Amino acid sequence: MGSFLLTAAGLVLAMAALGLVRILHGPRDADRMIAAQLIGTCGVAILLLLAAATEATPITDVALILALLAAFVSVAFVRGAAGSSAPGQADHDR
Amino acid sequence: MTRALDLLTIAGVSAGCFFFVAGTVGLLRFPDALTRMHALTKADNLGLGLIVLGLLPQAAGLGHALKLVAIWLFAQISSAVASQLIAGAVLRNRSAIWP
């Protein structure tokens, strides 16, 4: 069972790596942010699979922290990058 | 009994991996930001949910299983909020949709 779960983790890791292609090509900041969201979700899945494969249950807590940080990344993006690209409207919408 | 639980794990994790592949293909192939987000948020959260469902039989105990489900629920809520925020930013700045 452990090797199957490790294989699944490798497949999800490959999907996260493919998400980097979207970060490279863009074309806009929002597309890169969506790809970063993909990597966050993939990271949580990889950590959960690793925790089950190696029977190291504390890794589950790392997955919880990663899910929490992935949520803050999007909030920081919307407050920062998206606001600065539309300076006239950003202050109004906040 | 163990064999049946292992089969449940294999089925759940395999289905979850399929949805992760589908989400990444959508992210790479769809034409603009909103459709990419549409592909990603649905497929990825379903994939994570199926992986969590598959890992539940392998959980160390009831507390660990509840923690897995809590992580999935948290990922659902945070993904919904983040998608709304990013989509709002995209719509405010229309040029962010079409390159």
# chains A, B, ... in the order shown; residues from 1 in each chain; ligands from 1
$ interface_residues --of "chain A" --to "chain B" --cutoff "7 Å" --atoms "only C-alpha atoms" --output "list in words"
Ala8, Val12, Met15, Gly19, Arg22, Pro27, Arg28, Ala30, Asp31, Ile34, Leu38, Thr41, Ala45, Ala52, Leu64, Ala67, Ala71, Ser74, Val75, Val78, Ala82 and Ala86 of chain A
$ atom_distance --atom1 "atom CA of Leu66 of chain B" --atom2 "atom CA of Pro58 of chain A"
14.1 Å
$ select_by_dssp --residues "chain B" --states "alpha helix (DSSP H)" --output "VMD selection string"
chain B and resid 2 to 29 33 to 55 62 to 92
$ closest_residue --among "A:Ala51, A:Phe72, A:Phe77, A:Ile23" --to "Ile39 of chain A" --atoms "only C-alpha atoms"
A:Ile23
$ closest_residue --among "B:Ala11, B:Leu91, B:Val69, B:Leu46" --to "Phe4 of chain A" --atoms "only C-alpha atoms"
B:Ala11
$ atom_distance --atom1 "atom CA of Leu5 of chain B" --atom2 "atom CA of Pro57 of chain B"
5.9 Å
$ atom_distance --atom1 "atom CA of Ser3 of chain A" --atom2 "atom CA of Cys42 of chain A"
18.7 Å
$ closest_residue --among "A:Ala35, A:Val44, A:Leu6, A:Leu18" --to "Leu66 of chain A" --atoms "only C-alpha atoms"
A:Val44
